[in-house]
>>> print(open('data_3.tsv').read())   # TSV, C-alpha atoms
chain	number	residue	atom	x	y	z
A	8	MET	CA	1.47	61.17	124.79
A	9	LEU	CA	1.22	57.75	126.40
A	10	LYS	CA	4.38	56.81	128.29
A	11	TRP	CA	5.04	53.09	128.40
A	12	PRO	CA	5.65	51.42	131.77
A	13	SER	CA	9.17	50.29	132.55
A	14	ILE	CA	9.47	46.55	131.93
A	15	ARG	CA	13.19	46.06	132.56
A	16	LYS	CA	13.11	47.73	135.98
A	17	GLN	CA	9.77	46.12	136.89
A	18	LYS	CA	8.40	49.24	138.61
A	19	ARG	CA	4.98	48.48	140.02
A	20	ASP	CA	4.41	51.45	142.33
A	21	ASP	CA	1.58	52.87	140.22
A	22	ALA	CA	-0.12	49.61	139.18
A	23	PRO	CA	-2.02	46.84	140.94
A	24	ALA	CA	-0.11	43.63	141.58
A	25	ALA	CA	-0.58	41.25	138.65
A	26	PRO	CA	1.09	37.82	138.67
A	27	VAL	CA	2.82	36.83	135.44
A	28	SER	CA	2.32	33.15	134.80
A	29	ALA	CA	2.69	30.83	131.84
A	30	VAL	CA	-0.43	28.98	133.02
A	31	ARG	CA	-3.56	30.53	131.59
A	32	GLY	CA	-6.68	29.80	133.58
A	33	PRO	CA	-10.03	31.33	134.56
A	34	ALA	CA	-8.46	33.40	137.36
A	35	ALA	CA	-5.89	34.96	135.03
A	36	GLU	CA	-8.53	35.66	132.40
A	37	ALA	CA	-10.83	37.24	135.00
A	38	LEU	CA	-7.98	39.48	136.17
A	39	GLU	CA	-7.23	40.59	132.61
A	40	LEU	CA	-10.91	41.37	131.96
A	41	ALA	CA	-11.06	43.38	135.18
A	42	LEU	CA	-8.03	45.36	134.06
A	43	LEU	CA	-9.65	45.98	130.68
A	44	GLU	CA	-12.74	47.38	132.39
A	45	GLY	CA	-10.48	49.85	134.16
A	46	ILE	CA	-8.84	50.76	130.86
A	47	LYS	CA	-12.27	51.48	129.40
A	48	ARG	CA	-12.71	54.03	132.19
A	49	GLY	CA	-9.35	55.59	131.32
A	50	GLN	CA	-7.48	54.25	134.34
A	51	ARG	CA	-3.79	54.28	133.53
A	52	ALA	CA	-2.75	51.99	136.42
A	53	GLU	CA	-4.85	49.15	135.00
A	54	PHE	CA	-3.32	49.67	131.57
A	55	ASP	CA	0.19	49.55	133.05
A	56	ALA	CA	-0.63	46.25	134.76
A	57	LEU	CA	-2.04	44.72	131.56
A	58	TYR	CA	0.96	45.98	129.61
A	59	ARG	CA	3.34	44.26	132.01
A	60	LEU	CA	1.33	41.04	131.80
A	61	TYR	CA	1.39	40.95	128.02
A	62	HIS	CA	4.82	42.37	127.28
A	63	PRO	CA	6.76	39.07	127.68
A	64	ARG	CA	4.09	37.05	125.85
A	65	LEU	CA	3.81	39.46	122.93
A	66	TRP	CA	7.59	39.92	122.74
A	67	ARG	CA	8.10	36.18	122.38
A	68	PHE	CA	5.35	35.91	119.76
A	69	LEU	CA	6.54	38.89	117.72
A	70	SER	CA	10.20	37.89	117.98
A	71	HIS	CA	9.47	34.78	115.93
A	72	LEU	CA	7.83	36.89	113.27
A	73	MET	CA	10.08	39.94	113.04
A	74	ARG	CA	13.37	39.30	114.88
A	75	GLN	CA	14.63	42.93	114.89
A	76	ALA	CA	14.41	44.22	118.45
A	77	ASP	CA	13.40	47.79	117.61
A	78	ALA	CA	10.73	46.58	115.15
A	79	ILE	CA	9.38	44.12	117.73
A	80	GLU	CA	9.11	46.82	120.38
A	81	GLU	CA	7.39	49.17	117.95
A	82	ALA	CA	4.82	46.54	116.96
A	83	LEU	CA	4.28	45.60	120.61
A	84	ASN	CA	3.72	49.22	121.64
A	85	ASP	CA	1.44	49.80	118.64
A	86	THR	CA	-0.58	46.78	119.75
A	87	MET	CA	-0.98	48.01	123.30
A	88	MET	CA	-1.81	51.50	122.04
A	89	VAL	CA	-4.79	49.96	120.21
A	90	VAL	CA	-5.81	48.25	123.46
A	91	TRP	CA	-5.62	51.58	125.29
A	92	GLN	CA	-7.47	53.57	122.63
A	93	ARG	CA	-10.01	50.96	121.54
A	94	ALA	CA	-10.72	48.92	124.65
A	95	GLU	CA	-14.43	49.36	123.98
A	96	GLY	CA	-13.93	47.42	120.74
A	97	PHE	CA	-13.48	44.14	122.63
A	98	ASP	CA	-16.91	42.51	122.48
A	99	GLY	CA	-16.21	39.40	124.56
A	100	ARG	CA	-16.92	36.92	121.76
A	101	SER	CA	-13.36	35.61	122.12
A	102	LYS	CA	-10.76	35.53	124.88
A	103	LEU	CA	-9.08	38.85	125.58
A	104	SER	CA	-5.74	37.23	124.74
A	105	THR	CA	-7.10	36.20	121.34
A	106	TRP	CA	-8.12	39.78	120.62
A	107	ILE	CA	-4.75	41.22	121.71
A	108	PHE	CA	-2.68	38.61	119.86
A	109	GLY	CA	-4.79	39.21	116.76
A	110	ILE	CA	-3.92	42.91	116.88
A	111	ALA	CA	-0.23	42.05	117.34
A	112	TYR	CA	-0.31	39.63	114.40
A	113	ARG	CA	-1.78	42.27	112.08
A	114	LYS	CA	0.72	44.87	113.28
A	115	ALA	CA	3.59	42.47	112.57
A	116	LEU	CA	2.36	41.62	109.07
A	117	LYS	CA	1.91	45.32	108.33
A	118	ALA	CA	5.46	46.06	109.48
A	119	LEU	CA	6.85	43.18	107.41
A	120	SER	CA	5.00	44.41	104.33
A	121	ARG	CA	6.45	47.91	104.69
A	122	GLN	CA	10.05	46.85	104.66
A	123	ASP	CA	12.28	43.82	104.31
A	124	LEU	CA	13.21	43.32	107.95
A	125	PRO	CA	16.45	41.33	108.30
A	126	VAL	CA	16.53	38.18	110.38
A	127	ASP	CA	19.17	38.39	113.11
A	128	GLY	CA	18.65	36.22	116.16
A	129	ASP	CA	21.51	37.91	118.01
A	130	GLU	CA	19.47	41.10	118.34
A	131	VAL	CA	16.68	39.46	120.35
A	132	GLU	CA	17.27	38.79	124.02
A	133	GLU	CA	16.22	35.42	125.40
A	134	THR	CA	15.83	34.57	129.06
A	135	SER	CA	18.31	31.90	130.10
A	136	ASP	CA	17.36	29.06	132.40
A	137	PRO	CA	19.94	28.66	135.19
A	138	GLY	CA	18.70	25.17	136.06
A	139	PRO	CA	20.67	22.80	133.78
A	140	GLY	CA	24.40	22.26	134.13
A	141	PRO	CA	27.00	23.64	131.67
A	142	GLU	CA	26.78	20.72	129.21
A	143	GLN	CA	22.98	20.74	129.24
A	144	GLN	CA	22.95	24.51	128.84
A	145	LEU	CA	25.24	24.23	125.83
A	146	GLY	CA	22.94	21.62	124.31
A	147	LEU	CA	19.90	23.83	124.91
A	148	VAL	CA	21.63	26.84	123.40
A	149	GLN	CA	22.57	24.81	120.31
A	150	LEU	CA	19.04	23.43	119.99
A	151	ARG	CA	17.50	26.89	120.38
A	152	GLY	CA	19.93	28.22	117.80
A	153	ARG	CA	18.96	25.52	115.29
A	154	LEU	CA	15.28	26.06	116.00
A	155	ARG	CA	15.67	29.83	115.56
A	156	GLN	CA	17.42	29.31	112.23
A	157	ALA	CA	14.80	26.86	111.07
A	158	MET	CA	11.90	29.07	112.18
A	159	ALA	CA	13.42	31.98	110.24
A	160	GLU	CA	13.08	29.94	107.04
A	161	LEU	CA	9.31	29.65	107.47
A	162	SER	CA	6.85	32.23	106.20
A	163	PRO	CA	5.43	34.66	108.82
A	164	GLU	CA	2.08	32.87	108.56
A	165	HIS	CA	3.66	29.49	109.33
A	166	ARG	CA	5.85	30.89	112.09
A	167	ALA	CA	2.80	32.42	113.74
A	168	VAL	CA	0.82	29.19	113.99
A	169	VAL	CA	3.83	27.24	115.29
A	170	GLU	CA	4.59	29.90	117.91
A	171	LEU	CA	0.99	30.18	119.09
A	172	CYS	CA	0.46	26.43	119.24
A	173	TYR	CA	3.70	25.26	120.87
A	174	PHE	CA	4.84	28.26	122.91
A	175	HIS	CA	1.50	29.80	123.90
A	176	ASP	CA	-0.49	26.55	124.15
A	177	MET	CA	-3.39	27.79	122.04
A	178	ALA	CA	-5.96	25.61	120.32
A	179	TYR	CA	-6.43	25.72	116.56
A	180	ALA	CA	-9.77	27.53	116.90
A	181	GLU	CA	-8.17	30.32	118.94
A	182	ILE	CA	-5.22	30.56	116.53
A	183	ALA	CA	-7.70	30.81	113.66
A	184	ASP	CA	-9.33	33.81	115.32
A	185	ILE	CA	-5.95	35.48	115.82
A	186	VAL	CA	-4.60	35.02	112.29
A	187	GLY	CA	-7.97	35.47	110.61
A	188	CYS	CA	-8.43	32.21	108.75
A	189	PRO	CA	-10.48	28.99	109.15
A	190	ALA	CA	-9.29	26.39	111.66
A	191	GLU	CA	-8.73	23.94	108.78
A	192	THR	CA	-6.27	26.41	107.26
A	193	VAL	CA	-4.42	26.56	110.58
A	194	LYS	CA	-4.18	22.75	110.59
A	195	THR	CA	-2.82	22.80	107.04
A	196	ARG	CA	-0.24	25.45	107.92
A	197	MET	CA	0.83	23.44	110.97
A	198	PHE	CA	1.23	20.30	108.87
A	199	TYR	CA	3.51	21.99	106.33
A	200	ALA	CA	5.36	23.98	109.00
A	201	ARG	CA	6.15	20.85	111.05
A	202	ARG	CA	7.30	18.98	107.97
A	203	ARG	CA	9.49	21.89	106.89
A	204	LEU	CA	10.96	22.30	110.38
A	205	ARG	CA	11.87	18.61	110.59
A	206	LEU	CA	13.76	18.83	107.31
A	207	LEU	CA	15.51	22.06	108.26
A	208	LEU	CA	16.50	20.84	111.72
A	209	ASP	CA	17.91	17.61	110.26
A	210	ASP	CA	19.91	19.62	107.72
A	211	LEU	CA	21.25	22.01	110.36
A	212	ALA	CA	22.21	19.16	112.71
A	213	GLY	CA	24.01	17.45	109.83
A	214	LEU	CA	25.94	20.62	108.99
A	215	GLU	CA	27.06	21.02	112.64
A	216	GLN	CA	28.24	17.40	112.82
A	217	GLY	CA	30.16	17.84	109.56
A	218	GLU	CA	31.98	20.87	110.94
A	219	GLN	CA	33.16	19.03	114.06
>>> encode(input="data_3.tsv", output="structure tokens")
Amino acid sequence: MLKWPSIRKQKRDDAPAAPVSAVRGPAAEALELALLEGIKRGQRAEFDALYRLYHPRLWRFLSHLMRQADAIEEALNDTMMVVWQRAEGFDGRSKLSTWIFGIAYRKALKALSRQDLPVDGDEVEETSDPGPGPEQQLGLVQLRGRLRQAMAELSPEHRAVVELCYFHDMAYAEIADIVGCPAETVKTRMFYARRRLRLLLDDLAGLEQGEQ
């Protein structure tokens, strides 16, 4: 049975050093492809390194689709299990990240179709930014709370394109590969999602002002 690497404790004794960065460039992609080649040869250390690289990115993506922490972790681990077992299935016609996010998207939709997963933002941990002062932090927390509420009102398909575009900086063509639809459909979903989010955020802000 495959034992998942420890993410919270950040143990790296048995895996090559792999920098986690929000900036995706040729060097990062080359590193990931090198790790995948090791996985194809059954090397567990390379899998552990790739798992640690993708855990925060997949968690953020899946958390906007599913919300329940245990369901997110299950979908994330199911995704990486596919990577471990079917690494040979990556043919290089897309970015490795596109392939992995596509697996995660399908796992999330499958989980959502099996059961009515409740939306509860309190169950999902978010990394706080210690930079801003107390008042700015409060404003950011309130904004994130409104955005989380508004995102929860969107369909999983609309949440996915918003998340991939704004939080993972992916182009429409790459998003189309991940969610399995034409790029024009992604553009249409983004149009309706943005319009819906604007309306929801305005309504939520108005409700908060009315309660003060």
>>> atom_distance(input="data_3.tsv", atom1="CA of Ala35 in chain A", atom2="CA of Ile185 in chain A")
19.2 Å
>>> atom_distance(input="data_3.tsv", atom1="CA of Gly49 in chain A", atom2="CA of Gly187 in chain A")
28.9 Å
>>> atom_distance(input="data_3.tsv", atom1="CA of Arg155 in chain A", atom2="CA of His71 in chain A")
7.9 Å
>>> axis_aligned_box(input="data_3.tsv", around="range 104-121 of chain A", padding_each_side="3 Å", output="AutoDock Vina command-line options")
--center_x -0.6 --center_y 42.1 --center_z 114.5 --size_x 21.0 --size_y 17.7 --size_z 26.4
>>> closest_residue(input="data_3.tsv", among="A:Cys172, A:Tyr61, A:Ala52, A:Phe198", to="Leu103 in chain A", atoms="all atoms listed in the file")
A:Tyr61
>>> closest_residue(input="data_3.tsv", among="A:Glu191, A:Tyr199, A:Ala37, A:Asp184", to="Arg100 in chain A", atoms="all atoms listed in the file")
A:Asp184
>>> closest_residue(input="data_3.tsv", among="A:Leu9, A:Leu38, A:Ala76, A:Leu171", to="Trp91 in chain A", atoms="all atoms listed in the file")
A:Leu9
>>> closest_residue(input="data_3.tsv", among="A:Leu83, A:Leu119, A:Ala41, A:Leu208", to="Leu154 in chain A", atoms="only C-alpha atoms")
A:Leu208
>>> decode(input="data_3.tsv", residues="range 184-200 of chain A", atoms="all heavy atoms", output="JSON list (two decimals), in the first residue's frame")
[["chain", "number", "residue", "atom", "x", "y", "z"],
["A", 184, "ASP", "N", -8.06, 22.03, -21.76],
["A", 184, "ASP", "CA", -7.53, 20.67, -21.70],
["A", 184, "ASP", "C", -7.85, 20.00, -20.37],
["A", 184, "ASP", "O", -8.14, 18.81, -20.31],
["A", 184, "ASP", "CB", -6.01, 20.68, -21.91],
["A", 184, "ASP", "CG", -5.62, 20.94, -23.35],
["A", 184, "ASP", "OD1", -6.47, 20.74, -24.24],
["A", 184, "ASP", "OD2", -4.47, 21.34, -23.59],
["A", 185, "ILE", "N", -7.78, 20.77, -19.30],
["A", 185, "ILE", "CA", -8.01, 20.22, -17.96],
["A", 185, "ILE", "C", -9.47, 19.82, -17.77],
["A", 185, "ILE", "O", -9.78, 18.72, -17.28],
["A", 185, "ILE", "CB", -7.60, 21.25, -16.88],
["A", 185, "ILE", "CG1", -6.07, 21.40, -16.86],
["A", 185, "ILE", "CG2", -8.11, 20.84, -15.49],
["A", 185, "ILE", "CD1", -5.57, 22.52, -15.99],
["A", 186, "VAL", "N", -10.39, 20.71, -18.14],
["A", 186, "VAL", "CA", -11.81, 20.44, -17.88],
["A", 186, "VAL", "C", -12.49, 19.70, -19.02],
["A", 186, "VAL", "O", -13.65, 19.32, -18.91],
["A", 186, "VAL", "CB", -12.57, 21.75, -17.56],
["A", 186, "VAL", "CG1", -11.94, 22.47, -16.38],
["A", 186, "VAL", "CG2", -12.60, 22.68, -18.77],
["A", 187, "GLY", "N", -11.77, 19.50, -20.12],
["A", 187, "GLY", "CA", -12.29, 18.70, -21.21],
["A", 187, "GLY", "C", -13.39, 19.35, -22.03],
["A", 187, "GLY", "O", -14.42, 18.73, -22.30],
["A", 188, "CYS", "N", -13.17, 20.59, -22.42],
["A", 188, "CYS", "CA", -14.14, 21.29, -23.26],
["A", 188, "CYS", "C", -13.39, 22.26, -24.16],
["A", 188, "CYS", "O", -12.22, 22.56, -23.92],
["A", 188, "CYS", "CB", -15.17, 22.03, -22.41],
["A", 188, "CYS", "SG", -14.51, 23.46, -21.54],
["A", 189, "PRO", "N", -14.03, 22.78, -25.23],
["A", 189, "PRO", "CA", -13.35, 23.75, -26.10],
["A", 189, "PRO", "C", -12.99, 25.03, -25.36],
["A", 189, "PRO", "O", -13.64, 25.40, -24.37],
["A", 189, "PRO", "CB", -14.39, 24.02, -27.19],
["A", 189, "PRO", "CG", -15.32, 22.86, -27.15],
["A", 189, "PRO", "CD", -15.37, 22.42, -25.72],
["A", 190, "ALA", "N", -11.97, 25.73, -25.85],
["A", 190, "ALA", "CA", -11.55, 26.98, -25.23],
["A", 190, "ALA", "C", -12.67, 28.02, -25.25],
["A", 190, "ALA", "O", -12.79, 28.84, -24.33],
["A", 190, "ALA", "CB", -10.32, 27.53, -25.95],
["A", 191, "GLU", "N", -13.51, 28.01, -26.29],
["A", 191, "GLU", "CA", -14.62, 28.94, -26.36],
["A", 191, "GLU", "C", -15.62, 28.70, -25.24],
["A", 191, "GLU", "O", -16.22, 29.63, -24.72],
["A", 191, "GLU", "CB", -15.33, 28.84, -27.72],
["A", 191, "GLU", "CG", -14.54, 29.42, -28.88],
["A", 191, "GLU", "CD", -14.21, 30.89, -28.68],
["A", 191, "GLU", "OE1", -15.10, 31.64, -28.21],
["A", 191, "GLU", "OE2", -13.09, 31.30, -28.99],
["A", 192, "THR", "N", -15.77, 27.43, -24.85],
["A", 192, "THR", "CA", -16.67, 27.11, -23.72],
["A", 192, "THR", "C", -16.09, 27.64, -22.42],
["A", 192, "THR", "O", -16.83, 28.13, -21.56],
["A", 192, "THR", "CB", -16.88, 25.59, -23.63],
["A", 192, "THR", "OG1", -17.44, 25.12, -24.86],
["A", 192, "THR", "CG2", -17.83, 25.25, -22.49],
["A", 193, "VAL", "N", -14.76, 27.56, -22.28],
["A", 193, "VAL", "CA", -14.11, 28.12, -21.09],
["A", 193, "VAL", "C", -14.36, 29.62, -21.03],
["A", 193, "VAL", "O", -14.67, 30.17, -19.97],
["A", 193, "VAL", "CB", -12.59, 27.82, -21.11],
["A", 193, "VAL", "CG1", -11.89, 28.57, -19.97],
["A", 193, "VAL", "CG2", -12.35, 26.32, -21.00],
["A", 194, "LYS", "N", -14.21, 30.30, -22.16],
["A", 194, "LYS", "CA", -14.46, 31.75, -22.19],
["A", 194, "LYS", "C", -15.90, 32.07, -21.78],
["A", 194, "LYS", "O", -16.15, 33.02, -21.03],
["A", 194, "LYS", "CB", -14.20, 32.30, -23.59],
["A", 194, "LYS", "CG", -12.74, 32.26, -24.01],
["A", 194, "LYS", "CD", -12.57, 32.82, -25.42],
["A", 194, "LYS", "CE", -11.14, 32.75, -25.89],
["A", 194, "LYS", "NZ", -10.97, 33.27, -27.27],
["A", 195, "THR", "N", -16.84, 31.27, -22.27],
["A", 195, "THR", "CA", -18.24, 31.50, -21.92],
["A", 195, "THR", "C", -18.48, 31.29, -20.43],
["A", 195, "THR", "O", -19.17, 32.07, -19.78],
["A", 195, "THR", "CB", -19.15, 30.54, -22.73],
["A", 195, "THR", "OG1", -18.94, 30.78, -24.13],
["A", 195, "THR", "CG2", -20.61, 30.77, -22.40],
["A", 196, "ARG", "N", -17.88, 30.22, -19.89],
["A", 196, "ARG", "CA", -18.04, 29.96, -18.46],
["A", 196, "ARG", "C", -17.43, 31.08, -17.63],
["A", 196, "ARG", "O", -17.99, 31.49, -16.60],
["A", 196, "ARG", "CB", -17.38, 28.62, -18.10],
["A", 196, "ARG", "CG", -18.12, 27.40, -18.61],
["A", 196, "ARG", "CD", -17.40, 26.11, -18.23],
["A", 196, "ARG", "NE", -18.06, 24.95, -18.82],
["A", 196, "ARG", "CZ", -17.63, 23.70, -18.69],
["A", 196, "ARG", "NH1", -16.52, 23.46, -17.99],
["A", 196, "ARG", "NH2", -18.29, 22.70, -19.26],
["A", 197, "MET", "N", -16.28, 31.60, -18.06],
["A", 197, "MET", "CA", -15.65, 32.70, -17.34],
["A", 197, "MET", "C", -16.52, 33.94, -17.38],
["A", 197, "MET", "O", -16.64, 34.66, -16.37],
["A", 197, "MET", "CB", -14.28, 33.01, -17.96],
["A", 197, "MET", "CG", -13.17, 32.08, -17.51],
["A", 197, "MET", "SD", -12.81, 32.22, -15.74],
["A", 197, "MET", "CE", -12.34, 33.93, -15.64],
["A", 198, "PHE", "N", -17.14, 34.22, -18.51],
["A", 198, "PHE", "CA", -18.00, 35.39, -18.64],
["A", 198, "PHE", "C", -19.15, 35.32, -17.65],
["A", 198, "PHE", "O", -19.41, 36.27, -16.90],
["A", 198, "PHE", "CB", -18.54, 35.49, -20.07],
["A", 198, "PHE", "CG", -19.59, 36.56, -20.25],
["A", 198, "PHE", "CD1", -19.23, 37.89, -20.38],
["A", 198, "PHE", "CD2", -20.95, 36.22, -20.27],
["A", 198, "PHE", "CE1", -20.20, 38.87, -20.54],
["A", 198, "PHE", "CE2", -21.91, 37.21, -20.42],
["A", 198, "PHE", "CZ", -21.54, 38.53, -20.56],
["A", 199, "TYR", "N", -19.85, 34.20, -17.62],
["A", 199, "TYR", "CA", -20.99, 34.06, -16.72],
["A", 199, "TYR", "C", -20.55, 33.96, -15.27],
["A", 199, "TYR", "O", -21.24, 34.48, -14.38],
["A", 199, "TYR", "CB", -21.82, 32.83, -17.12],
["A", 199, "TYR", "CG", -22.65, 33.05, -18.36],
["A", 199, "TYR", "CD1", -22.32, 32.42, -19.55],
["A", 199, "TYR", "CD2", -23.74, 33.92, -18.35],
["A", 199, "TYR", "CE1", -23.07, 32.63, -20.71],
["A", 199, "TYR", "CE2", -24.49, 34.14, -19.50],
["A", 199, "TYR", "CZ", -24.15, 33.49, -20.68],
["A", 199, "TYR", "OH", -24.89, 33.72, -21.81],
["A", 200, "ALA", "N", -19.40, 33.33, -15.01],
["A", 200, "ALA", "CA", -18.91, 33.23, -13.64],
["A", 200, "ALA", "C", -18.54, 34.60, -13.09],
["A", 200, "ALA", "O", -18.88, 34.93, -11.95],
["A", 200, "ALA", "CB", -17.70, 32.29, -13.57]]
